$ cat coords-v2.txt   # compact mmCIF, C-alpha atoms
# COMPACT_ATOMS: atom_id res chain seq x y z
CA MET A 4 33.47 -9.59 -22.70
CA SER A 5 32.44 -8.72 -19.16
CA GLU A 6 34.58 -6.44 -17.00
CA ARG A 7 35.46 -9.38 -14.73
CA GLN A 8 36.40 -11.49 -17.77
CA GLU A 9 38.56 -8.67 -19.13
CA ARG A 10 40.43 -8.31 -15.81
CA LEU A 11 41.03 -12.07 -15.72
CA GLN A 12 42.20 -11.99 -19.33
CA ASN A 13 44.60 -9.11 -18.70
CA ARG A 14 46.06 -10.87 -15.66
CA LEU A 15 46.36 -14.37 -17.13
CA GLN A 16 47.41 -13.78 -20.72
CA PRO A 17 50.91 -12.47 -19.83
CA GLU A 18 51.35 -15.30 -17.30
CA ILE A 19 50.38 -17.93 -19.89
CA ARG A 20 52.72 -16.45 -22.47
CA GLU A 21 55.61 -16.23 -19.99
CA PHE A 22 55.06 -19.87 -18.99
CA ARG A 23 54.81 -21.01 -22.63
CA ASP A 24 57.90 -19.05 -23.68
CA ALA A 25 59.96 -20.54 -20.82
CA CYS A 26 59.25 -24.09 -22.01
CA ARG A 27 61.61 -25.56 -24.58
CA THR A 28 59.95 -28.94 -25.11
CA LEU A 29 56.37 -30.11 -25.31
CA GLN A 30 54.81 -33.45 -24.52
CA LEU A 31 52.96 -35.20 -27.36
CA ALA A 32 50.14 -37.73 -27.02
CA THR A 33 49.59 -39.46 -30.36
CA VAL A 34 47.82 -42.57 -31.62
CA ASP A 35 48.52 -44.79 -34.58
CA GLY A 36 46.03 -45.88 -37.23
CA GLU A 37 44.83 -48.69 -34.96
CA GLY A 38 44.34 -46.43 -31.93
CA ARG A 39 47.44 -47.49 -29.98
CA PRO A 40 48.61 -44.52 -27.88
CA ASN A 41 52.12 -43.16 -27.55
CA ALA A 42 53.48 -40.47 -25.23
CA SER A 43 56.63 -38.61 -26.23
CA TYR A 44 58.20 -35.17 -26.33
CA ALA A 45 59.92 -32.85 -28.76
CA PRO A 46 61.74 -29.52 -28.68
CA PHE A 47 59.58 -26.86 -30.33
CA VAL A 48 59.45 -23.34 -31.63
CA LEU A 49 56.26 -21.30 -31.70
CA GLN A 50 55.44 -19.44 -34.92
CA SER A 51 52.33 -17.40 -35.72
CA ASP A 52 50.47 -20.43 -37.10
CA GLY A 53 51.45 -23.09 -34.56
CA TYR A 54 54.07 -25.09 -32.73
CA TYR A 55 56.80 -26.51 -34.98
CA VAL A 56 58.71 -29.71 -34.21
CA LEU A 57 61.42 -31.41 -36.26
CA ILE A 58 61.24 -35.16 -35.65
CA SER A 59 62.43 -38.31 -37.36
CA GLU A 60 59.85 -40.58 -38.92
CA ILE A 61 61.90 -43.41 -37.47
CA ALA A 62 60.31 -42.33 -34.17
CA ARG A 63 56.87 -43.72 -33.42
CA HIS A 64 55.29 -40.34 -32.70
CA ALA A 65 56.22 -38.98 -36.16
CA ARG A 66 54.71 -42.02 -37.87
CA ASN A 67 51.61 -41.65 -35.70
CA LEU A 68 51.21 -37.99 -36.69
CA GLN A 69 51.39 -38.98 -40.34
CA GLN A 70 48.72 -41.67 -39.86
CA VAL A 71 46.43 -39.77 -37.47
CA PRO A 72 47.05 -36.01 -37.62
CA GLN A 73 45.41 -35.30 -34.26
CA VAL A 74 47.57 -34.77 -31.20
CA SER A 75 47.34 -33.54 -27.64
CA LEU A 76 50.13 -31.15 -26.61
CA MET A 77 51.25 -30.39 -23.08
CA LEU A 78 53.75 -27.90 -21.72
CA ILE A 79 54.31 -28.64 -18.05
CA GLU A 80 56.17 -27.09 -15.14
CA ASP A 81 59.40 -28.84 -14.17
CA GLU A 82 59.02 -31.18 -11.20
CA GLY A 83 61.96 -29.56 -9.41
CA GLY A 84 60.32 -26.14 -9.43
CA ALA A 85 56.77 -27.21 -8.64
CA ARG A 86 55.26 -26.26 -5.29
CA GLU A 87 52.89 -29.22 -5.50
CA LEU A 88 53.44 -32.27 -7.72
CA PHE A 89 49.70 -33.03 -7.80
CA ALA A 90 48.94 -29.63 -9.32
CA ARG A 91 51.86 -28.71 -11.57
CA LYS A 92 51.30 -25.69 -13.80
CA ARG A 93 50.52 -26.82 -17.35
CA LEU A 94 49.17 -25.71 -20.69
CA THR A 95 47.48 -28.32 -22.88
CA PHE A 96 45.96 -28.15 -26.35
CA ASP A 97 44.16 -30.41 -28.74
CA ALA A 98 45.90 -29.82 -32.05
CA SER A 99 46.02 -30.91 -35.66
CA ALA A 100 49.32 -31.90 -37.27
CA GLU A 101 50.54 -31.09 -40.74
CA VAL A 102 53.80 -32.15 -42.38
CA VAL A 103 55.50 -29.09 -43.86
CA ALA A 104 57.19 -29.77 -47.20
CA ARG A 105 60.80 -28.72 -47.62
CA ASP A 106 59.85 -26.43 -50.51
CA ASP A 107 57.16 -24.68 -48.42
CA GLY A 108 58.22 -21.18 -47.25
CA ARG A 109 57.34 -22.17 -43.67
CA TRP A 110 60.05 -24.86 -43.73
CA GLN A 111 62.99 -22.46 -43.84
CA ALA A 112 61.39 -19.97 -41.43
CA ALA A 113 60.70 -22.67 -38.83
CA VAL A 114 64.07 -24.40 -39.26
CA THR A 115 65.83 -21.05 -38.85
CA ALA A 116 63.79 -20.32 -35.69
CA LEU A 117 64.55 -23.81 -34.35
CA GLN A 118 68.26 -23.29 -35.04
CA ASP A 119 68.20 -19.90 -33.30
CA ARG A 120 66.64 -21.58 -30.28
CA PHE A 121 68.53 -24.89 -30.17
CA GLY A 122 71.76 -24.33 -32.05
CA GLU A 123 73.67 -26.09 -34.79
CA ILE A 124 72.12 -29.51 -34.17
CA ILE A 125 69.09 -28.31 -36.16
CA ALA A 126 71.22 -27.64 -39.27
CA GLY A 127 72.39 -31.25 -39.19
CA LEU A 128 69.02 -32.80 -38.42
CA SER A 129 67.19 -30.76 -41.05
CA ARG A 130 69.49 -32.19 -43.74
CA LEU A 131 68.50 -35.78 -42.88
CA GLU A 132 65.79 -37.25 -45.10
CA ASP A 133 63.92 -38.97 -42.26
CA PHE A 134 63.48 -35.73 -40.28
CA LYS A 135 60.11 -34.15 -40.96
CA LEU A 136 58.89 -30.73 -39.91
CA PHE A 137 55.43 -30.76 -38.37
CA CYS A 138 53.23 -27.76 -37.72
CA LEU A 139 50.98 -28.49 -34.74
CA LYS A 140 48.01 -26.13 -34.89
CA PRO A 141 46.37 -25.69 -31.49
CA GLN A 142 42.62 -25.71 -31.15
CA GLN A 143 41.00 -25.54 -27.72
CA GLY A 144 43.19 -25.65 -24.65
CA LEU A 145 43.44 -25.55 -20.89
CA PHE A 146 45.79 -23.64 -18.58
CA VAL A 147 46.08 -25.09 -15.07
CA LYS A 148 47.78 -22.99 -12.40
CA GLY A 149 47.01 -25.34 -9.50
CA PHE A 150 44.14 -26.81 -7.54
CA GLY A 151 40.88 -25.05 -8.46
CA GLN A 152 42.68 -22.83 -10.98
CA ALA A 153 41.87 -24.17 -14.44
CA PHE A 154 41.15 -21.85 -17.36
CA GLN A 155 39.98 -22.64 -20.89
CA VAL A 156 42.07 -20.96 -23.55
CA SER A 157 41.57 -20.54 -27.27
CA SER A 158 44.05 -21.20 -30.03
CA ASP A 159 44.28 -17.64 -31.38
CA GLU A 160 46.78 -15.93 -29.12
CA LEU A 161 45.03 -17.32 -26.03
CA VAL A 162 42.47 -14.51 -26.15
CA GLU A 163 39.40 -16.21 -24.72
CA VAL A 164 40.06 -17.18 -21.13
CA VAL A 165 37.19 -18.71 -19.17
CA HIS A 166 37.65 -19.80 -15.57
CA LEU A 167 36.42 -23.35 -14.97
CA VAL A 168 34.45 -23.27 -11.76
CA GLU A 169 33.96 -26.97 -11.09
CA GLY A 170 35.62 -27.96 -7.86
CA HIS A 171 36.69 -31.14 -6.13
CA LYS A 172 34.25 -32.68 -3.62
CA ARG A 173 35.19 -34.25 -0.33
CA VAL A 174 34.00 -37.84 0.05
CA ASP A 175 33.14 -37.43 3.75
CA THR A 176 31.23 -34.12 3.67
CA GLY A 177 30.43 -33.38 0.03
CA GLU A 178 32.07 -29.96 0.46
CA VAL A 179 33.34 -28.43 -2.77
CA ILE A 180 37.07 -27.69 -2.49
CA THR A 181 38.51 -24.82 -4.52
CA ARG A 182 41.58 -23.91 -2.43
CA THR A 183 44.72 -26.00 -2.04
CA ASP A 184 44.92 -25.52 1.72
CA LYS A 185 41.51 -27.22 2.14
CA VAL A 186 42.52 -30.42 0.31
CA LEU A 187 44.49 -31.94 3.18
$ encode --input "coords-v2.txt" --output "structure tokens"
Amino acid sequence: MSERQERLQNRLQPEIREFRDACRTLQLATVDGEGRPNASYAPFVLQSDGYYVLISEIARHARNLQQVPQVSLMLIEDEGGARELFARKRLTFDASAEVVARDDGRWQAAVTALQDRFGEIIAGLSRLEDFKLFCLKPQQGLFVKGFGQAFQVSSDELVEVVHLVEGHKRVDTGEVITRTDKVL
């Protein structure tokens, strides 16, 4: 890793983790076996091997994850706190989904962590037969801080951070725009 890359890594990794830890829900983009898309969300808890969600298979997104275990995840800055709605801070990942069996040791650990985070509702939901625990294992990802501030991130503790240098181009002049103040 170059010195510049290391400085960027040391600056961004804590910011990414703070942003991720402040989010309580994640957006899910799933497809069914016939390729029909569905956008949804779920409360989550992050464990060492992935993001865990407890969702009912009555819900379309749970059925989709069982049919096609590929999903896109997004954690996104709240609209009310965003400086610019066109460039909200966000962390996205391509991920694979796995149903965790109730007799798997990860089940109790994740349900306990979910209950610690979200309260007694988890105890009730986890006792319902239709609620399934999914482990969403991130693969490659992207952290966007704003205009011209997109960074590739890896799945393993967000260690590899690479600044994406492609910029927007003005239609009238062809100028590459990398700063927000030059967009308008």
$ atom_distance --input "coords-v2.txt" --atom1 "CA of Phe146 in chain A" --atom2 "CA of Leu88 in chain A"
15.8 Å
$ axis_aligned_box --input "coords-v2.txt" --around "range 59-75 of chain A" --padding-each-side "5 Å" --output "JSON"
{"center_x": 53.9, "center_y": -38.6, "center_z": -34.0, "size_x": 27.0, "size_y": 20.2, "size_z": 22.7}
$ closest_residue --input "coords-v2.txt" --among "A:Phe154, A:Leu136, A:Ala42, A:Val174" --to "Glu60 in chain A" --atoms "all atoms listed in the file"
A:Leu136
$ residues_around --input "coords-v2.txt" --residues "Ala112 in chain A" --least-positions-apart "3" --cutoff "12 Å" --atoms "all atoms listed in the file" --output "ChimeraX atom specification"
/A:48-52,55,103,105-109,115-119,136,138
$ closest_atom_pairs --input "coords-v2.txt" --of "range 44-150 of chain A" --to "range 32-36 of chain A" --cutoff "7 Å" --atoms "only C-alpha atoms" --output "JSON lines"
{"residue": "A:His64", "atom": "CA", "partner": "A:Thr33", "partner_atom": "CA", "distance": 6.2}
{"residue": "A:Asn67", "atom": "CA", "partner": "A:Asp35", "partner_atom": "CA", "distance": 4.5}
{"residue": "A:Leu68", "atom": "CA", "partner": "A:Thr33", "partner_atom": "CA", "distance": 6.7}
{"residue": "A:Gln70", "atom": "CA", "partner": "A:Gly36", "partner_atom": "CA", "distance": 5.6}
{"residue": "A:Val71", "atom": "CA", "partner": "A:Gly36", "partner_atom": "CA", "distance": 6.1}
{"residue": "A:Val74", "atom": "CA", "partner": "A:Thr33", "partner_atom": "CA", "distance": 5.2}
{"residue": "A:Ser75", "atom": "CA", "partner": "A:Ala32", "partner_atom": "CA", "distance": 5.1}
{"residue": "A:Leu76", "atom": "CA", "partner": "A:Ala32", "partner_atom": "CA", "distance": 6.6}
$ build_atoms --input "coords-v2.txt" --residues "range 111-133 of chain A" --atoms "N, CA, C and O atoms" --output "JSON list (two decimals), in the frame of the given file"
[["chain", "number", "residue", "atom", "x", "y", "z"],
["A", 111, "GLN", "N", 61.76, -23.19, -44.15],
["A", 111, "GLN", "CA", 62.99, -22.46, -43.84],
["A", 111, "GLN", "C", 62.80, -21.53, -42.65],
["A", 111, "GLN", "O", 63.68, -21.42, -41.80],
["A", 112, "ALA", "N", 61.64, -20.87, -42.56],
["A", 112, "ALA", "CA", 61.39, -19.97, -41.43],
["A", 112, "ALA", "C", 61.40, -20.73, -40.11],
["A", 112, "ALA", "O", 62.02, -20.30, -39.12],
["A", 113, "ALA", "N", 60.76, -21.89, -40.07],
["A", 113, "ALA", "CA", 60.70, -22.67, -38.83],
["A", 113, "ALA", "C", 62.05, -23.29, -38.50],
["A", 113, "ALA", "O", 62.47, -23.29, -37.33],
["A", 114, "VAL", "N", 62.75, -23.80, -39.50],
["A", 114, "VAL", "CA", 64.07, -24.40, -39.26],
["A", 114, "VAL", "C", 65.04, -23.33, -38.75],
["A", 114, "VAL", "O", 65.82, -23.58, -37.82],
["A", 115, "THR", "N", 64.98, -22.15, -39.32],
["A", 115, "THR", "CA", 65.83, -21.05, -38.85],
["A", 115, "THR", "C", 65.50, -20.70, -37.40],
["A", 115, "THR", "O", 66.40, -20.52, -36.56],
["A", 116, "ALA", "N", 64.20, -20.63, -37.07],
["A", 116, "ALA", "CA", 63.79, -20.32, -35.69],
["A", 116, "ALA", "C", 64.22, -21.44, -34.74],
["A", 116, "ALA", "O", 64.66, -21.17, -33.61],
["A", 117, "LEU", "N", 64.10, -22.69, -35.17],
["A", 117, "LEU", "CA", 64.55, -23.81, -34.35],
["A", 117, "LEU", "C", 66.06, -23.74, -34.12],
["A", 117, "LEU", "O", 66.55, -23.96, -33.01],
["A", 118, "GLN", "N", 66.81, -23.40, -35.18],
["A", 118, "GLN", "CA", 68.26, -23.29, -35.04],
["A", 118, "GLN", "C", 68.65, -22.14, -34.12],
["A", 118, "GLN", "O", 69.56, -22.28, -33.30],
["A", 119, "ASP", "N", 67.94, -21.02, -34.21],
["A", 119, "ASP", "CA", 68.20, -19.90, -33.30],
["A", 119, "ASP", "C", 67.97, -20.32, -31.85],
["A", 119, "ASP", "O", 68.68, -19.87, -30.95],
["A", 120, "ARG", "N", 67.00, -21.18, -31.64],
["A", 120, "ARG", "CA", 66.64, -21.58, -30.28],
["A", 120, "ARG", "C", 67.50, -22.72, -29.76],
["A", 120, "ARG", "O", 67.82, -22.76, -28.57],
["A", 121, "PHE", "N", 67.87, -23.67, -30.64],
["A", 121, "PHE", "CA", 68.53, -24.89, -30.17],
["A", 121, "PHE", "C", 69.94, -25.10, -30.72],
["A", 121, "PHE", "O", 70.61, -26.06, -30.34],
["A", 122, "GLY", "N", 70.39, -24.24, -31.59],
["A", 122, "GLY", "CA", 71.76, -24.33, -32.05],
["A", 122, "GLY", "C", 71.96, -25.16, -33.30],
["A", 122, "GLY", "O", 71.02, -25.53, -34.00],
["A", 123, "GLU", "N", 73.23, -25.46, -33.54],
["A", 123, "GLU", "CA", 73.67, -26.09, -34.79],
["A", 123, "GLU", "C", 73.11, -27.49, -35.01],
["A", 123, "GLU", "O", 73.10, -27.97, -36.14],
["A", 124, "ILE", "N", 72.67, -28.16, -33.98],
["A", 124, "ILE", "CA", 72.12, -29.51, -34.17],
["A", 124, "ILE", "C", 70.97, -29.50, -35.19],
["A", 124, "ILE", "O", 70.80, -30.44, -35.96],
["A", 125, "ILE", "N", 70.23, -28.41, -35.24],
["A", 125, "ILE", "CA", 69.09, -28.31, -36.16],
["A", 125, "ILE", "C", 69.57, -28.31, -37.61],
["A", 125, "ILE", "O", 68.95, -28.95, -38.48],
["A", 126, "ALA", "N", 70.69, -27.65, -37.90],
["A", 126, "ALA", "CA", 71.22, -27.64, -39.27],
["A", 126, "ALA", "C", 71.51, -29.07, -39.72],
["A", 126, "ALA", "O", 71.18, -29.45, -40.85],
["A", 127, "GLY", "N", 72.09, -29.86, -38.85],
["A", 127, "GLY", "CA", 72.39, -31.25, -39.19],
["A", 127, "GLY", "C", 71.14, -32.10, -39.34],
["A", 127, "GLY", "O", 70.99, -32.84, -40.32],
["A", 128, "LEU", "N", 70.24, -31.99, -38.38],
["A", 128, "LEU", "CA", 69.02, -32.80, -38.42],
["A", 128, "LEU", "C", 68.15, -32.46, -39.63],
["A", 128, "LEU", "O", 67.57, -33.34, -40.25],
["A", 129, "SER", "N", 68.07, -31.18, -39.95],
["A", 129, "SER", "CA", 67.19, -30.76, -41.05],
["A", 129, "SER", "C", 67.69, -31.24, -42.41],
["A", 129, "SER", "O", 66.92, -31.25, -43.38],
["A", 130, "ARG", "N", 68.95, -31.66, -42.49],
["A", 130, "ARG", "CA", 69.49, -32.19, -43.74],
["A", 130, "ARG", "C", 69.29, -33.70, -43.86],
["A", 130, "ARG", "O", 69.63, -34.30, -44.89],
["A", 131, "LEU", "N", 68.75, -34.34, -42.84],
["A", 131, "LEU", "CA", 68.50, -35.78, -42.88],
["A", 131, "LEU", "C", 67.11, -36.04, -43.45],
["A", 131, "LEU", "O", 66.14, -35.41, -43.05],
["A", 132, "GLU", "N", 67.03, -36.97, -44.38],
["A", 132, "GLU", "CA", 65.79, -37.25, -45.10],
["A", 132, "GLU", "C", 64.66, -37.69, -44.18],
["A", 132, "GLU", "O", 63.49, -37.39, -44.42],
["A", 133, "ASP", "N", 64.97, -38.44, -43.13],
["A", 133, "ASP", "CA", 63.92, -38.97, -42.26],
["A", 133, "ASP", "C", 63.35, -37.92, -41.29],
["A", 133, "ASP", "O", 62.30, -38.15, -40.69]]
